[in-house]
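As provided, structure-v1.tsv (TSV, C-alpha atoms) reads as follows.
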```tsv
chain	number	residue	atom	x	y	z
A	1	MET	CA	94.97	128.10	107.60
A	2	LEU	CA	92.69	125.82	105.67
A	3	ASP	CA	89.61	127.69	106.86
A	4	GLN	CA	90.97	130.86	105.31
A	5	VAL	CA	91.80	129.04	102.09
A	6	LYS	CA	88.27	127.66	102.00
A	7	ALA	CA	86.76	131.10	102.60
A	8	SER	CA	88.88	132.82	99.98
A	9	VAL	CA	88.16	130.09	97.39
A	10	GLU	CA	84.44	130.31	98.03
A	11	ALA	CA	84.61	134.09	97.70
A	12	ALA	CA	86.56	133.94	94.46
A	13	VAL	CA	84.95	131.01	92.64
A	14	ALA	CA	81.22	131.43	92.43
A	15	GLY	CA	79.29	128.28	93.28
A	16	ALA	CA	82.25	126.23	94.42
A	17	ARG	CA	81.30	123.75	97.11
A	18	LEU	CA	84.20	122.96	99.42
A	19	GLU	CA	84.19	120.71	102.42
A	20	LEU	CA	86.83	120.64	105.10
A	21	ILE	CA	87.81	117.05	105.90
A	22	PRO	CA	89.57	116.92	109.25
A	23	ASN	CA	92.38	114.49	109.90
A	24	GLY	CA	92.27	113.32	113.49
A	25	SER	CA	95.72	111.75	113.47
A	26	PRO	CA	98.75	113.49	115.04
A	27	SER	CA	99.82	114.71	111.60
A	28	ALA	CA	96.61	116.78	111.49
A	29	GLN	CA	96.82	117.15	107.74
A	30	HIS	CA	93.34	118.38	107.06
A	31	SER	CA	92.17	118.52	103.49
A	32	LEU	CA	89.64	120.20	101.25
A	33	LEU	CA	87.10	118.22	99.28
A	34	VAL	CA	86.35	120.06	96.06
A	35	ASP	CA	83.34	119.48	93.85
A	36	ASN	CA	84.11	118.20	90.39
A	37	GLU	CA	82.47	120.96	88.33
A	38	HIS	CA	84.51	123.76	89.87
A	39	ALA	CA	87.74	121.81	90.49
A	40	LEU	CA	89.60	123.34	87.57
A	41	ALA	CA	88.56	126.90	88.50
A	42	VAL	CA	89.46	126.29	92.15
A	43	ALA	CA	92.85	124.90	91.14
A	44	THR	CA	93.56	127.86	88.89
A	45	PHE	CA	92.64	130.24	91.69
A	46	LEU	CA	94.87	128.41	94.20
A	47	ARG	CA	97.77	128.64	91.81
A	48	ASP	CA	97.32	132.27	90.78
A	49	ASP	CA	96.05	133.94	93.94
A	50	PRO	CA	98.85	136.23	95.20
A	51	GLY	CA	98.13	135.26	98.81
A	52	LEU	CA	98.37	131.53	98.15
A	53	ARG	CA	100.51	130.97	95.03
A	54	LEU	CA	100.31	127.18	95.31
A	55	ASP	CA	102.51	126.71	92.27
A	56	TYR	CA	103.77	123.21	92.94
A	57	ALA	CA	101.76	119.96	92.94
A	58	SER	CA	104.14	117.80	94.86
A	59	ASN	CA	102.15	114.62	94.84
A	60	VAL	CA	99.04	113.12	93.26
A	61	THR	CA	97.70	109.86	94.54
A	62	GLY	CA	94.56	107.77	94.53
A	63	VAL	CA	92.53	106.09	97.22
A	64	ASP	CA	89.99	103.36	96.70
A	65	TRP	CA	87.06	103.37	99.07
A	66	PRO	CA	85.03	100.23	98.48
A	67	GLU	CA	81.44	99.96	99.56
A	68	ALA	CA	81.40	99.45	103.29
A	69	THR	CA	78.89	98.66	105.99
A	70	VAL	CA	79.12	101.13	108.80
A	71	GLN	CA	77.77	100.35	112.24
A	72	GLU	CA	76.50	103.32	114.14
A	73	LYS	CA	75.74	103.25	117.82
A	74	ARG	CA	73.63	105.86	119.45
A	75	LYS	CA	72.05	106.18	122.81
A	76	ILE	CA	68.32	106.53	123.02
A	77	LYS	CA	65.83	106.59	125.81
A	78	LYS	CA	63.23	103.96	125.81
A	79	LEU	CA	60.45	102.89	128.13
A	80	ILE	CA	61.07	99.38	129.37
A	81	GLU	CA	58.58	97.93	131.80
A	82	GLY	CA	57.38	101.39	132.67
A	83	VAL	CA	60.87	102.68	133.52
A	84	GLU	CA	62.73	104.99	131.17
A	85	ARG	CA	66.24	103.69	130.49
A	86	ASP	CA	69.21	104.59	128.33
A	87	ILE	CA	70.00	101.88	125.85
A	88	GLU	CA	72.34	101.68	122.88
A	89	GLU	CA	70.84	101.03	119.52
A	90	THR	CA	73.04	99.83	116.68
A	91	THR	CA	72.06	100.69	113.14
A	92	GLU	CA	73.80	99.49	110.03
A	93	ARG	CA	74.00	101.43	106.86
A	94	THR	CA	75.86	100.92	103.63
A	95	LYS	CA	78.38	103.56	102.73
A	96	PRO	CA	78.63	103.74	98.95
A	97	GLY	CA	82.09	103.22	97.50
A	98	PHE	CA	83.99	105.80	95.49
A	99	LEU	CA	87.45	106.61	94.20
A	100	GLU	CA	89.36	109.56	95.52
A	101	VAL	CA	92.28	111.52	94.10
A	102	VAL	CA	94.45	113.51	96.50
A	103	TYR	CA	96.65	116.44	95.48
A	104	HIS	CA	99.37	117.82	97.77
A	105	LEU	CA	100.08	121.44	96.91
A	106	TYR	CA	102.92	123.67	98.01
A	107	SER	CA	103.99	127.19	97.25
A	108	MET	CA	107.59	127.52	96.20
A	109	GLU	CA	107.27	131.26	95.99
A	110	LEU	CA	105.77	131.89	99.44
A	111	LYS	CA	107.32	128.81	101.03
A	112	GLN	CA	104.10	127.45	102.42
A	113	GLY	CA	102.07	124.31	102.27
A	114	PRO	CA	100.87	121.73	102.01
A	115	VAL	CA	97.30	122.36	101.02
A	116	ILE	CA	95.62	119.06	100.31
A	117	LEU	CA	92.83	118.77	97.77
A	118	ARG	CA	90.56	115.80	97.33
A	119	LEU	CA	88.36	114.95	94.39
A	120	ARG	CA	85.82	112.16	94.54
A	121	THR	CA	84.10	110.12	91.87
A	122	ALA	CA	80.41	109.29	92.12
A	123	ASN	CA	81.01	105.55	92.30
A	124	ARG	CA	83.60	102.92	91.46
A	125	THR	CA	82.11	101.46	88.30
A	126	ASP	CA	80.64	103.69	85.60
A	127	GLN	CA	80.99	107.23	86.92
A	128	VAL	CA	84.71	107.45	87.43
A	129	ARG	CA	85.39	110.66	85.53
A	130	LEU	CA	87.14	113.57	87.20
A	131	PRO	CA	88.54	116.82	85.81
A	132	SER	CA	92.27	116.68	85.17
A	133	LEU	CA	94.36	119.29	86.94
A	134	THR	CA	97.29	118.81	84.54
A	135	PRO	CA	96.39	122.06	82.71
A	136	VAL	CA	97.04	123.86	86.02
A	137	TRP	CA	100.01	121.89	87.32
A	138	ARG	CA	101.98	120.31	84.50
A	139	GLY	CA	103.79	118.04	86.94
A	140	ALA	CA	100.57	116.16	87.64
A	141	GLU	CA	100.59	114.63	84.16
A	142	PHE	CA	102.42	111.36	84.86
A	143	GLN	CA	100.92	110.98	88.32
A	144	GLU	CA	97.40	111.32	86.97
A	145	ARG	CA	98.32	108.71	84.37
A	146	GLU	CA	99.46	106.48	87.19
A	147	VAL	CA	96.19	106.99	89.07
A	148	PHE	CA	94.35	106.16	85.85
A	149	ASP	CA	96.50	103.05	85.38
A	150	LEU	CA	96.24	101.65	88.88
A	151	PHE	CA	92.83	102.92	90.08
A	152	GLY	CA	90.88	103.49	86.87
A	153	VAL	CA	90.01	107.15	87.40
A	154	VAL	CA	89.39	108.79	84.02
A	155	PHE	CA	90.76	112.35	83.94
A	156	GLU	CA	88.90	114.64	81.57
A	157	GLY	CA	91.12	117.21	79.92
A	158	HIS	CA	94.30	115.22	80.43
A	159	PRO	CA	96.58	115.70	77.39
A	160	ASP	CA	97.78	112.10	77.13
A	161	LEU	CA	95.78	109.67	79.22
A	162	ARG	CA	97.33	106.24	78.69
A	163	ARG	CA	98.51	103.51	81.00
A	164	ILE	CA	101.97	104.24	82.29
A	165	LEU	CA	103.14	101.27	84.36
A	166	MET	CA	101.11	98.38	82.99
A	167	TRP	CA	100.86	97.57	79.29
A	168	ASP	CA	98.15	98.99	77.06
A	169	GLY	CA	96.07	95.82	76.70
A	170	PHE	CA	95.84	95.34	80.46
A	171	LYS	CA	92.26	95.40	81.72
A	172	ASP	CA	92.48	95.45	85.52
A	173	PHE	CA	93.23	98.18	88.03
A	174	PRO	CA	95.75	96.62	90.40
A	175	MET	CA	95.55	99.09	93.29
A	176	ARG	CA	91.81	98.70	93.76
A	177	LYS	CA	90.84	96.74	96.83
A	178	ASP	CA	88.87	94.19	94.84
A	179	TYR	CA	91.66	93.44	92.37
A	180	VAL	CA	92.14	89.73	91.77
A	181	GLU	CA	95.74	88.98	90.90
A	182	PRO	CA	96.65	86.20	88.46
A	183	ASP	CA	97.15	82.93	90.29
A	184	ASP	CA	100.75	82.02	89.46
A	185	TYR	CA	101.71	80.45	92.75
A	186	GLU	CA	102.60	77.04	91.33
A	187	TYR	CA	105.90	76.86	93.16
A	188	GLU	CA	106.23	78.14	96.71
A	189	PRO	CA	109.16	76.72	98.67
A	190	THR	CA	108.36	78.64	101.85
A	191	ALA	CA	104.65	79.28	101.52
A	192	HIS	CA	102.59	80.59	104.40
A	193	ASP	CA	99.15	82.11	105.03
A	194	GLU	CA	97.29	83.11	101.88
A	195	VAL	CA	100.09	82.00	99.61
A	196	LEU	CA	100.07	78.56	101.25
A	197	GLU	CA	96.37	78.21	100.43
A	198	LYS	CA	97.03	79.11	96.81
A	199	ALA	CA	100.03	76.77	96.59
A	200	LYS	CA	97.94	73.93	98.07
A	201	ARG	CA	95.27	74.44	95.42
A	202	HIS	CA	97.95	74.23	92.74
A	203	ALA	CA	99.45	71.10	94.29
A	204	ALA	CA	96.03	69.41	94.44
A	205	GLN	CA	95.37	70.31	90.82
A	206	ARG	CA	98.74	68.93	89.79
A	207	ALA	CA	98.11	65.69	91.62
A	208	LEU	CA	94.89	65.24	89.62
A	209	ASP	CA	96.25	66.31	86.25
A	210	PRO	CA	100.02	66.11	85.98
A	211	ARG	CA	101.24	67.94	82.93
A	212	PRO	CA	103.61	66.16	80.58
A	213	SER	CA	107.26	66.90	81.20
A	214	THR	CA	107.87	67.75	77.55
A	215	PRO	CA	105.67	70.09	75.51
B	1	MET	CA	140.61	57.06	83.86
B	2	GLU	CA	143.64	55.32	82.47
B	3	ALA	CA	144.02	58.03	79.87
B	4	ASP	CA	143.85	60.69	82.58
B	5	ALA	CA	146.52	58.94	84.60
B	6	LEU	CA	148.73	58.69	81.53
B	7	LYS	CA	148.14	62.37	80.77
B	8	ASP	CA	149.15	63.35	84.29
B	9	GLU	CA	152.22	61.18	84.10
B	10	LEU	CA	153.26	62.73	80.78
B	11	ARG	CA	152.62	66.22	82.15
B	12	ARG	CA	154.94	65.50	85.04
B	13	GLN	CA	157.59	64.57	82.50
B	14	GLY	CA	157.12	67.82	80.62
B	15	ILE	CA	154.95	66.58	77.78
B	16	VAL	CA	151.56	68.16	77.34
B	17	THR	CA	148.83	66.15	75.75
B	18	THR	CA	145.30	67.29	75.32
B	19	THR	CA	142.10	66.48	73.53
B	20	PHE	CA	140.04	68.57	71.20
B	21	GLU	CA	137.20	68.53	73.71
B	22	GLU	CA	139.44	69.81	76.48
B	23	LEU	CA	140.82	72.63	74.33
B	24	TYR	CA	137.39	73.60	73.06
B	25	ASN	CA	135.89	73.73	76.55
B	26	TRP	CA	138.95	75.52	77.91
B	27	GLY	CA	138.54	78.23	75.31
B	28	ARG	CA	134.81	78.53	75.90
B	29	GLN	CA	135.00	78.61	79.67
B	30	ASN	CA	137.57	81.38	79.78
B	31	SER	CA	135.90	83.78	77.39
B	32	VAL	CA	132.34	84.02	78.62
B	33	TRP	CA	131.32	87.49	77.55
B	34	PRO	CA	128.30	88.83	79.39
B	35	LEU	CA	125.63	91.03	77.92
B	36	SER	CA	125.65	94.51	79.44
B	37	PHE	CA	122.16	94.42	80.71
B	38	GLY	CA	120.86	95.19	84.17
B	39	LEU	CA	117.37	95.52	85.58
B	40	ALA	CA	117.64	96.73	89.16
B	41	CYS	CA	119.92	96.98	92.16
B	42	CYS	CA	121.63	93.62	91.41
B	43	ALA	CA	123.04	95.33	88.32
B	44	ILE	CA	124.96	97.68	90.60
B	45	GLU	CA	126.59	94.66	92.24
B	46	MET	CA	127.28	93.28	88.78
B	47	ILE	CA	129.00	96.54	87.84
B	48	ALA	CA	130.99	96.43	91.09
B	49	THR	CA	132.06	92.90	90.18
B	50	SER	CA	133.39	94.14	86.87
B	51	MET	CA	135.45	96.91	88.44
B	52	ALA	CA	138.96	96.79	89.85
B	53	ARG	CA	138.24	95.55	93.37
B	54	TYR	CA	136.52	92.32	92.36
B	55	ASP	CA	137.83	92.24	88.81
B	56	ILE	CA	135.71	89.85	86.80
B	57	ALA	CA	138.50	90.04	84.17
B	58	ARG	CA	140.37	87.40	86.13
B	59	PHE	CA	137.82	84.94	84.75
B	60	GLY	CA	137.86	86.18	81.19
B	61	ALA	CA	134.37	87.62	81.53
B	62	GLU	CA	135.12	91.33	81.60
B	63	VAL	CA	134.05	92.15	78.05
B	64	PHE	CA	130.48	93.30	78.61
B	65	ARG	CA	128.96	93.40	75.15
B	66	PRO	CA	126.34	96.00	74.33
B	67	SER	CA	124.83	93.77	71.65
B	68	PRO	CA	123.21	90.40	72.29
B	69	ARG	CA	124.71	89.18	69.01
B	70	GLN	CA	128.19	89.28	70.56
B	71	ALA	CA	127.33	88.01	74.04
B	72	ASP	CA	127.61	84.51	75.49
B	73	LEU	CA	126.17	85.05	78.92
B	74	MET	CA	123.05	86.80	80.08
B	75	ILE	CA	123.22	87.89	83.72
B	76	VAL	CA	119.62	88.57	84.66
B	77	ALA	CA	120.47	91.06	87.37
B	78	GLY	CA	117.36	92.38	89.05
B	79	THR	CA	113.59	92.31	89.22
B	80	VAL	CA	111.96	91.11	86.02
B	81	THR	CA	108.64	92.90	85.74
B	82	LYS	CA	105.93	91.39	83.62
B	83	LYS	CA	106.23	94.34	81.27
B	84	MET	CA	109.97	93.66	80.85
B	85	ALA	CA	109.82	89.84	80.61
B	86	PRO	CA	109.09	89.62	76.84
B	87	GLN	CA	112.04	91.90	76.15
B	88	VAL	CA	114.33	89.75	78.30
B	89	VAL	CA	113.27	86.63	76.41
B	90	ARG	CA	113.73	88.47	73.11
B	91	LEU	CA	117.27	89.53	74.05
B	92	TYR	CA	118.02	85.94	74.99
B	93	ASN	CA	116.68	84.75	71.64
B	94	GLN	CA	118.97	87.18	69.84
B	95	MET	CA	122.09	85.77	71.46
B	96	PRO	CA	123.98	83.19	69.40
B	97	GLU	CA	124.62	79.69	70.70
B	98	PRO	CA	126.34	78.60	72.87
B	99	LYS	CA	124.67	80.85	75.41
B	100	TYR	CA	124.22	80.74	79.15
B	101	VAL	CA	122.04	82.43	81.72
B	102	ILE	CA	122.83	83.37	85.31
B	103	ALA	CA	119.78	84.42	87.32
B	104	MET	CA	121.22	86.82	89.84
B	105	GLY	CA	119.44	87.62	93.07
B	106	ALA	CA	116.17	86.77	94.77
B	107	CYS	CA	114.04	88.66	92.21
B	108	ALA	CA	115.46	87.01	89.12
B	109	ILE	CA	115.14	83.53	90.60
B	110	SER	CA	111.72	83.83	92.24
B	111	GLY	CA	110.34	87.35	92.30
B	112	GLY	CA	112.05	88.02	95.62
B	113	PRO	CA	110.48	90.55	97.97
B	114	PHE	CA	108.14	91.69	95.19
B	115	LYS	CA	106.80	88.19	94.60
B	116	GLN	CA	103.22	88.99	95.54
B	117	GLY	CA	103.15	92.16	93.47
B	118	TYR	CA	100.79	92.28	90.51
B	119	ASN	CA	103.55	93.16	88.04
B	120	VAL	CA	106.52	90.97	88.96
B	121	LEU	CA	107.49	87.79	87.19
B	122	LYS	CA	108.08	84.99	89.68
B	123	GLY	CA	111.46	83.96	88.29
B	124	ILE	CA	112.94	84.30	84.81
B	125	ASP	CA	113.36	80.51	84.65
B	126	ARG	CA	109.68	80.36	83.75
B	127	TYR	CA	110.59	81.42	80.22
B	128	ILE	CA	114.27	80.73	79.55
B	129	PRO	CA	116.62	77.97	80.73
B	130	VAL	CA	118.82	79.19	83.60
B	131	ASP	CA	122.25	77.62	84.18
B	132	VAL	CA	123.14	79.10	87.56
B	133	HIS	CA	120.85	80.62	90.19
B	134	ILE	CA	122.37	83.01	92.77
B	135	PRO	CA	120.36	83.69	95.92
B	136	GLY	CA	120.82	86.95	97.78
B	137	CYS	CA	119.29	90.37	97.90
B	138	PRO	CA	121.45	91.55	96.28
B	139	PRO	CA	124.17	88.88	96.11
B	140	ARG	CA	127.64	90.11	96.93
B	141	PRO	CA	130.15	90.38	94.07
B	142	GLU	CA	131.85	87.25	95.42
B	143	ALA	CA	128.60	85.37	94.87
B	144	LEU	CA	128.50	86.47	91.24
B	145	LEU	CA	132.12	85.41	90.82
B	146	HIS	CA	131.21	82.07	92.38
B	147	ALA	CA	128.38	81.73	89.90
B	148	ILE	CA	130.75	82.41	87.02
B	149	ILE	CA	133.21	79.82	88.36
B	150	THR	CA	130.32	77.37	88.71
B	151	LEU	CA	129.34	78.07	85.12
B	152	GLN	CA	132.94	77.59	83.97
B	153	GLU	CA	133.08	74.27	85.80
B	154	LYS	CA	129.82	73.27	84.11
B	155	ILE	CA	131.26	74.17	80.69
B	156	ARG	CA	134.51	72.34	81.43
B	157	GLN	CA	132.72	69.12	82.24
B	158	GLN	CA	130.57	69.11	79.13
B	159	SER	CA	131.23	66.26	76.77
B	160	LEU	CA	130.95	67.18	73.11
B	161	THR	CA	129.59	63.86	71.97
B	162	GLY	CA	126.98	61.52	73.30
B	163	ALA	CA	123.47	62.00	74.53
B	164	ASP	CA	124.42	64.53	77.21
B	165	ARG	CA	126.22	66.91	74.88
B	166	PRO	CA	125.43	70.60	75.32
B	167	ARG	CA	122.34	72.09	73.73
B	168	HIS	CA	124.17	74.04	71.04
B	169	LEU	CA	125.52	70.80	69.57
B	170	VAL	CA	122.10	69.19	69.32
B	171	ALA	CA	120.63	70.20	65.98
B	172	GLU	CA	117.00	69.75	66.97
B	173	ALA	CA	117.28	71.43	70.39
B	174	PRO	CA	115.59	74.81	70.57
B	175	SER	CA	117.78	77.88	70.59
B	176	GLU	CA	114.92	80.34	70.77
B	177	PHE	CA	112.08	80.35	73.22
B	178	PRO	CA	108.71	81.99	72.64
B	179	ALA	CA	108.38	85.42	74.21
B	180	PRO	CA	105.16	85.80	76.19
B	181	GLU	CA	102.44	88.12	74.96
B	182	PHE	CA	100.78	90.86	76.99
B	183	GLY	CA	97.38	89.52	77.99
B	184	GLU	CA	94.38	91.23	79.54
B	185	HIS	CA	95.24	90.10	83.08
B	186	ASP	CA	98.68	88.49	82.91
B	187	LEU	CA	101.36	87.38	80.52
B	188	VAL	CA	100.18	84.75	78.06
B	189	PRO	CA	101.30	82.04	78.67
B	190	PRO	CA	102.19	82.54	82.36
B	191	SER	CA	105.14	80.16	81.93
B	192	ASN	CA	106.74	78.01	79.28
B	193	PRO	CA	106.06	74.38	80.32
B	194	GLY	CA	108.85	73.19	78.03
B	195	VAL	CA	111.36	75.12	80.11
B	196	TRP	CA	109.83	75.20	83.56
B	197	GLN	CA	107.75	72.80	85.58
B	198	PRO	CA	106.83	73.54	89.18
B	199	PRO	CA	109.11	71.32	91.25
B	200	ALA	CA	107.49	69.05	93.78
B	201	THR	CA	107.98	70.40	97.29
B	202	GLN	CA	107.67	68.39	100.46
B	203	SER	CA	105.70	70.92	102.44
B	204	GLN	CA	102.81	70.84	100.03
```
Rewrite the coordinates I just gave you, this time as C-alpha cells.
Amino acid sequence: MLDQVKASVEAAVAGARLELIPNGSPSAQHSLLVDNEHALAVATFLRDDPGLRLDYASNVTGVDWPEATVQEKRKIKKLIEGVERDIEETTERTKPGFLEVVYHLYSMELKQGPVILRLRTANRTDQVRLPSLTPVWRGAEFQEREVFDLFGVVFEGHPDLRRILMWDGFKDFPMRKDYVEPDDYEYEPTAHDEVLEKAKRHAAQRALDPRPSTP
Amino acid sequence: MEADALKDELRRQGIVTTTFEELYNWGRQNSVWPLSFGLACCAIEMIATSMARYDIARFGAEVFRPSPRQADLMIVAGTVTKKMAPQVVRLYNQMPEPKYVIAMGACAISGGPFKQGYNVLKGIDRYIPVDVHIPGCPPRPEALLHAIITLQEKIRQQSLTGADRPRHLVAEAPSEFPAPEFGEHDLVPPSNPGVWQPPATQSQ
C-alpha cells in the first residue's frame, strides 16, 4: 500500500522526495520519510486526496538518534601469499545524529491506516527546525509541543509552540539520549546499579562535608 | 503517674476529672479536617476511604475542605511532580496552624516507581515536614485510616508546655516553608535542609 501512496504523492506534489523506510520487525510497519520543504504540501495532499483521506493524526512522537559509530563488514577478495582468498574487512564510519518526528495517520472516512510519516532534522544541535503539521491536523498541536518540550525539535508554523510538560524556564530536553538528570540521589534506602553509584558519591561527599543539622 | 491512677480510680467511682491539655488534645485529634487535594491514583484510595465502606467520618476527619484556610491536614496523595511541588508547598503555607501532613503512598514519600524520572520529586518531605508516612502503591484505605489513627495518637500525646510542645505553640517556630523556584535544570533549591536531611543508611 505504501508504494502506491509514495507514487501518488510524488505524482501530485512536484519535487517531493520520499523514501520508503522498511520495518523488518514482525509488525512490518513501514514508513515514509518526507523531505522538510515539501512536508506541508505532502501532508495536505494525504489529508485531502479522495483515495487516501488520511484525516486523523493519531499519534505524533519523537525519536532521538545520537551520533553513532557503525561497523560494516564486507567480504573482499585479496591476494595473500599468491593465493586469492575471501576475507572479511571491517570498516567503521560515523553515522551523524539527528532528531526524528513520526506521525501515525489514519483515515476515519475510508477506515484505513496507518500511514506513517517521518521527518528528520539535519542534526541535533543547531538545525533542529521542522515544518509543523498542525495546520493540517489540528490534533497534532499538543503532541508537537510535547516533542518540542522533550526532544527540542522546533516546529515552524506551529500556532503556540511552548513547553507543555516542563516549566518555561527549563533548559534541557529530557528525552534526548544525552540528557543529564539532576543528581538528587542523596537518600537511597535500596540502591542498586547506577543509583548505588550515585548514592555512594553522595555518601562520600557527606562524610567529607557534613551539613549542619539546622539551617 | 499518681495523678493518672487517681483519675482512673475516680472514673471508676463515676467522677470524671480531666485536664485542659487532655480536653484540648481530645478536641484537636477528633476533628482533623483534611484538605480536598489529590495528585494521582492514591487520591482515588483517599476518596474511597471517605466513602461509606471505609467511612473516615468515624475518626472525625470526613469534612474535606476545599480551602486550605479551613483545613488541618494535608494528605499528599500521589506523585508530586517537580512542576507541582511549589504549589503543594504553597498550599501547605496557606493552611493555618496547627497543621499536619500525611504523605500517602510510595510516590509522596520517595518518588515511588517514578523515582528516576526527570520530573518527579523524590518525596514531599524534602520541602515540608511530614507527620506520618504511608508506604504502599497505592496504600489500601485501611492504611490511610491507620495513618489517621497514628496521627491522632501523636496529637493525643503532645504536651502543651515544655520544650517538646507542638510547633504551633512555639512562637519562633516556622509555620511557612519556602516554596522552591523553577530552575534551569531542577527545582532551586533541590531540598530544604531545614526540613530534610538525608538519613544515614547502613548500606552506603
Using all atoms listed in the file, which residues of chain A come within 9 Å of chain B, and what is the closest atom pair for each, with the distance in Å to one decimal? Give it as CSV, sorted by chain and residue number.
```
residue,atom,partner,partner_atom,distance
A:Leu165,CA,B:Lys83,CA,8.2
A:Met166,CA,B:Lys83,CA,6.7
A:Trp167,CA,B:Lys83,CA,6.6
A:Asp168,CA,B:Phe182,CA,8.5
A:Gly169,CA,B:Glu184,CA,5.7
A:Phe170,CA,B:Glu184,CA,4.5
A:Lys171,CA,B:Glu184,CA,5.2
A:Asp172,CA,B:His185,CA,6.5
A:Pro174,CA,B:Tyr118,CA,6.7
A:Glu181,CA,B:Tyr118,CA,6.0
A:Pro182,CA,B:Asp186,CA,6.3
A:Asp184,CA,B:Pro190,CA,7.3
A:Tyr185,CA,B:Lys122,CA,8.4
A:Glu186,CA,B:Pro198,CA,5.9
A:Tyr187,CA,B:Pro198,CA,5.3
A:Glu188,CA,B:Thr201,CA,8.0
A:Pro189,CA,B:Thr201,CA,6.6
A:Thr190,CA,B:Ser203,CA,8.2
A:Ala191,CA,B:Ser203,CA,8.5
A:Val195,CA,B:Gln116,CA,8.7
A:Leu196,CA,B:Gln204,CA,8.3
A:Ala199,CA,B:Gln204,CA,7.4
A:Lys200,CA,B:Gln204,CA,6.1
A:Ala203,CA,B:Gln204,CA,6.7
A:Ala204,CA,B:Gln204,CA,8.9
A:Arg211,CA,B:Pro193,CA,8.5
A:Pro212,CA,B:Pro193,CA,8.6
A:Ser213,CA,B:Gly194,CA,7.2
A:Thr214,CA,B:Gly194,CA,5.5
A:Pro215,CA,B:Gly194,CA,5.1
```
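As for atom CA of Pro141 of chain B and atom CA of Val63 of chain B, they are spaced 16.6 Å apart.
Coordinates place atom CA of Gly62 of chain A at a distance of 12.4 Å from atom CA of Ala140 of chain A.
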Work out where the centre of an axis-aligned box around every listed atom of segment 156-173 of chain B lies and how long its edges are once 6 Å is added on each side; give both in Å to one decimal as AutoDock Vina command-line options.
```
--center_x 125.8 --center_y 67.8 --center_z 74.1 --size_x 29.5 --size_y 24.5 --size_z 28.3
```
Gap from atom CA of Arg163 of chain A to atom CA of Arg129 of chain A - Å, one decimal
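Going from atom CA of Arg163 of chain A over to atom CA of Arg129 of chain A, I get 15.6 Å.
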Residue contacts of Lys177 of chain A (9 Å, all atoms listed in the file) excluding same-chain residues fewer than 4 positions away, as a compact mmCIF listing (two decimals) with C-alpha atoms, keeping the file's coordinate frame:
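Dumped to part17.txt:
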```
# COMPACT_ATOMS: atom_id res chain seq x y z
CA ASP A 64 89.99 103.36 96.70
CA TRP A 65 87.06 103.37 99.07
CA PRO A 66 85.03 100.23 98.48
```
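If you measure from each of A:Lys111, A:Arg17, A:Arg162, A:Lys78 to Leu54 of chain A using only C-alpha atoms, the closest one turns out to be A:Lys111.
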Reconstructed N, CA and C atoms for segment 134-146 of chain A, given as an mmCIF file, in the coordinates of the input:
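Ended up saving to result_4.cif:
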```cif
data_model
loop_
_atom_site.group_PDB
_atom_site.id
_atom_site.type_symbol
_atom_site.label_atom_id
_atom_site.label_comp_id
_atom_site.auth_asym_id
_atom_site.auth_seq_id
_atom_site.Cartn_x
_atom_site.Cartn_y
_atom_site.Cartn_z
ATOM 1 N N THR A 134 96.033 118.644 85.272
ATOM 2 C CA THR A 134 97.290 118.810 84.540
ATOM 3 C C THR A 134 97.384 120.172 83.844
ATOM 4 N N PRO A 135 96.275 120.720 83.299
ATOM 5 C CA PRO A 135 96.390 122.060 82.710
ATOM 6 C C PRO A 135 96.859 123.111 83.708
ATOM 7 N N VAL A 136 96.631 122.888 85.008
ATOM 8 C CA VAL A 136 97.040 123.860 86.020
ATOM 9 C C VAL A 136 98.458 123.545 86.510
ATOM 10 N N TRP A 137 98.677 122.291 86.873
ATOM 11 C CA TRP A 137 100.010 121.890 87.320
ATOM 12 C C TRP A 137 100.534 120.833 86.353
ATOM 13 N N ARG A 138 101.470 121.202 85.527
ATOM 14 C CA ARG A 138 101.980 120.310 84.500
ATOM 15 C C ARG A 138 102.572 119.029 85.096
ATOM 16 N N GLY A 139 103.149 119.178 86.302
ATOM 17 C CA GLY A 139 103.790 118.040 86.940
ATOM 18 C C GLY A 139 102.836 116.923 87.324
ATOM 19 N N ALA A 140 101.540 117.195 87.272
ATOM 20 C CA ALA A 140 100.570 116.160 87.640
ATOM 21 C C ALA A 140 100.345 115.169 86.512
ATOM 22 N N GLU A 141 100.934 115.430 85.327
ATOM 23 C CA GLU A 141 100.590 114.630 84.160
ATOM 24 C C GLU A 141 100.846 113.140 84.377
ATOM 25 N N PHE A 142 102.084 112.786 84.715
ATOM 26 C CA PHE A 142 102.420 111.360 84.860
ATOM 27 C C PHE A 142 101.716 110.748 86.064
ATOM 28 N N GLN A 143 101.541 111.552 87.117
ATOM 29 C CA GLN A 143 100.920 110.980 88.320
ATOM 30 C C GLN A 143 99.439 110.738 88.095
ATOM 31 N N GLU A 144 98.798 111.592 87.305
ATOM 32 C CA GLU A 144 97.400 111.320 86.970
ATOM 33 C C GLU A 144 97.312 110.082 86.071
ATOM 34 N N ARG A 145 98.303 109.926 85.187
ATOM 35 C CA ARG A 145 98.320 108.710 84.370
ATOM 36 C C ARG A 145 98.459 107.486 85.254
ATOM 37 N N GLU A 146 99.266 107.607 86.295
ATOM 38 C CA GLU A 146 99.460 106.480 87.190
ATOM 39 C C GLU A 146 98.172 106.159 87.951
#
```
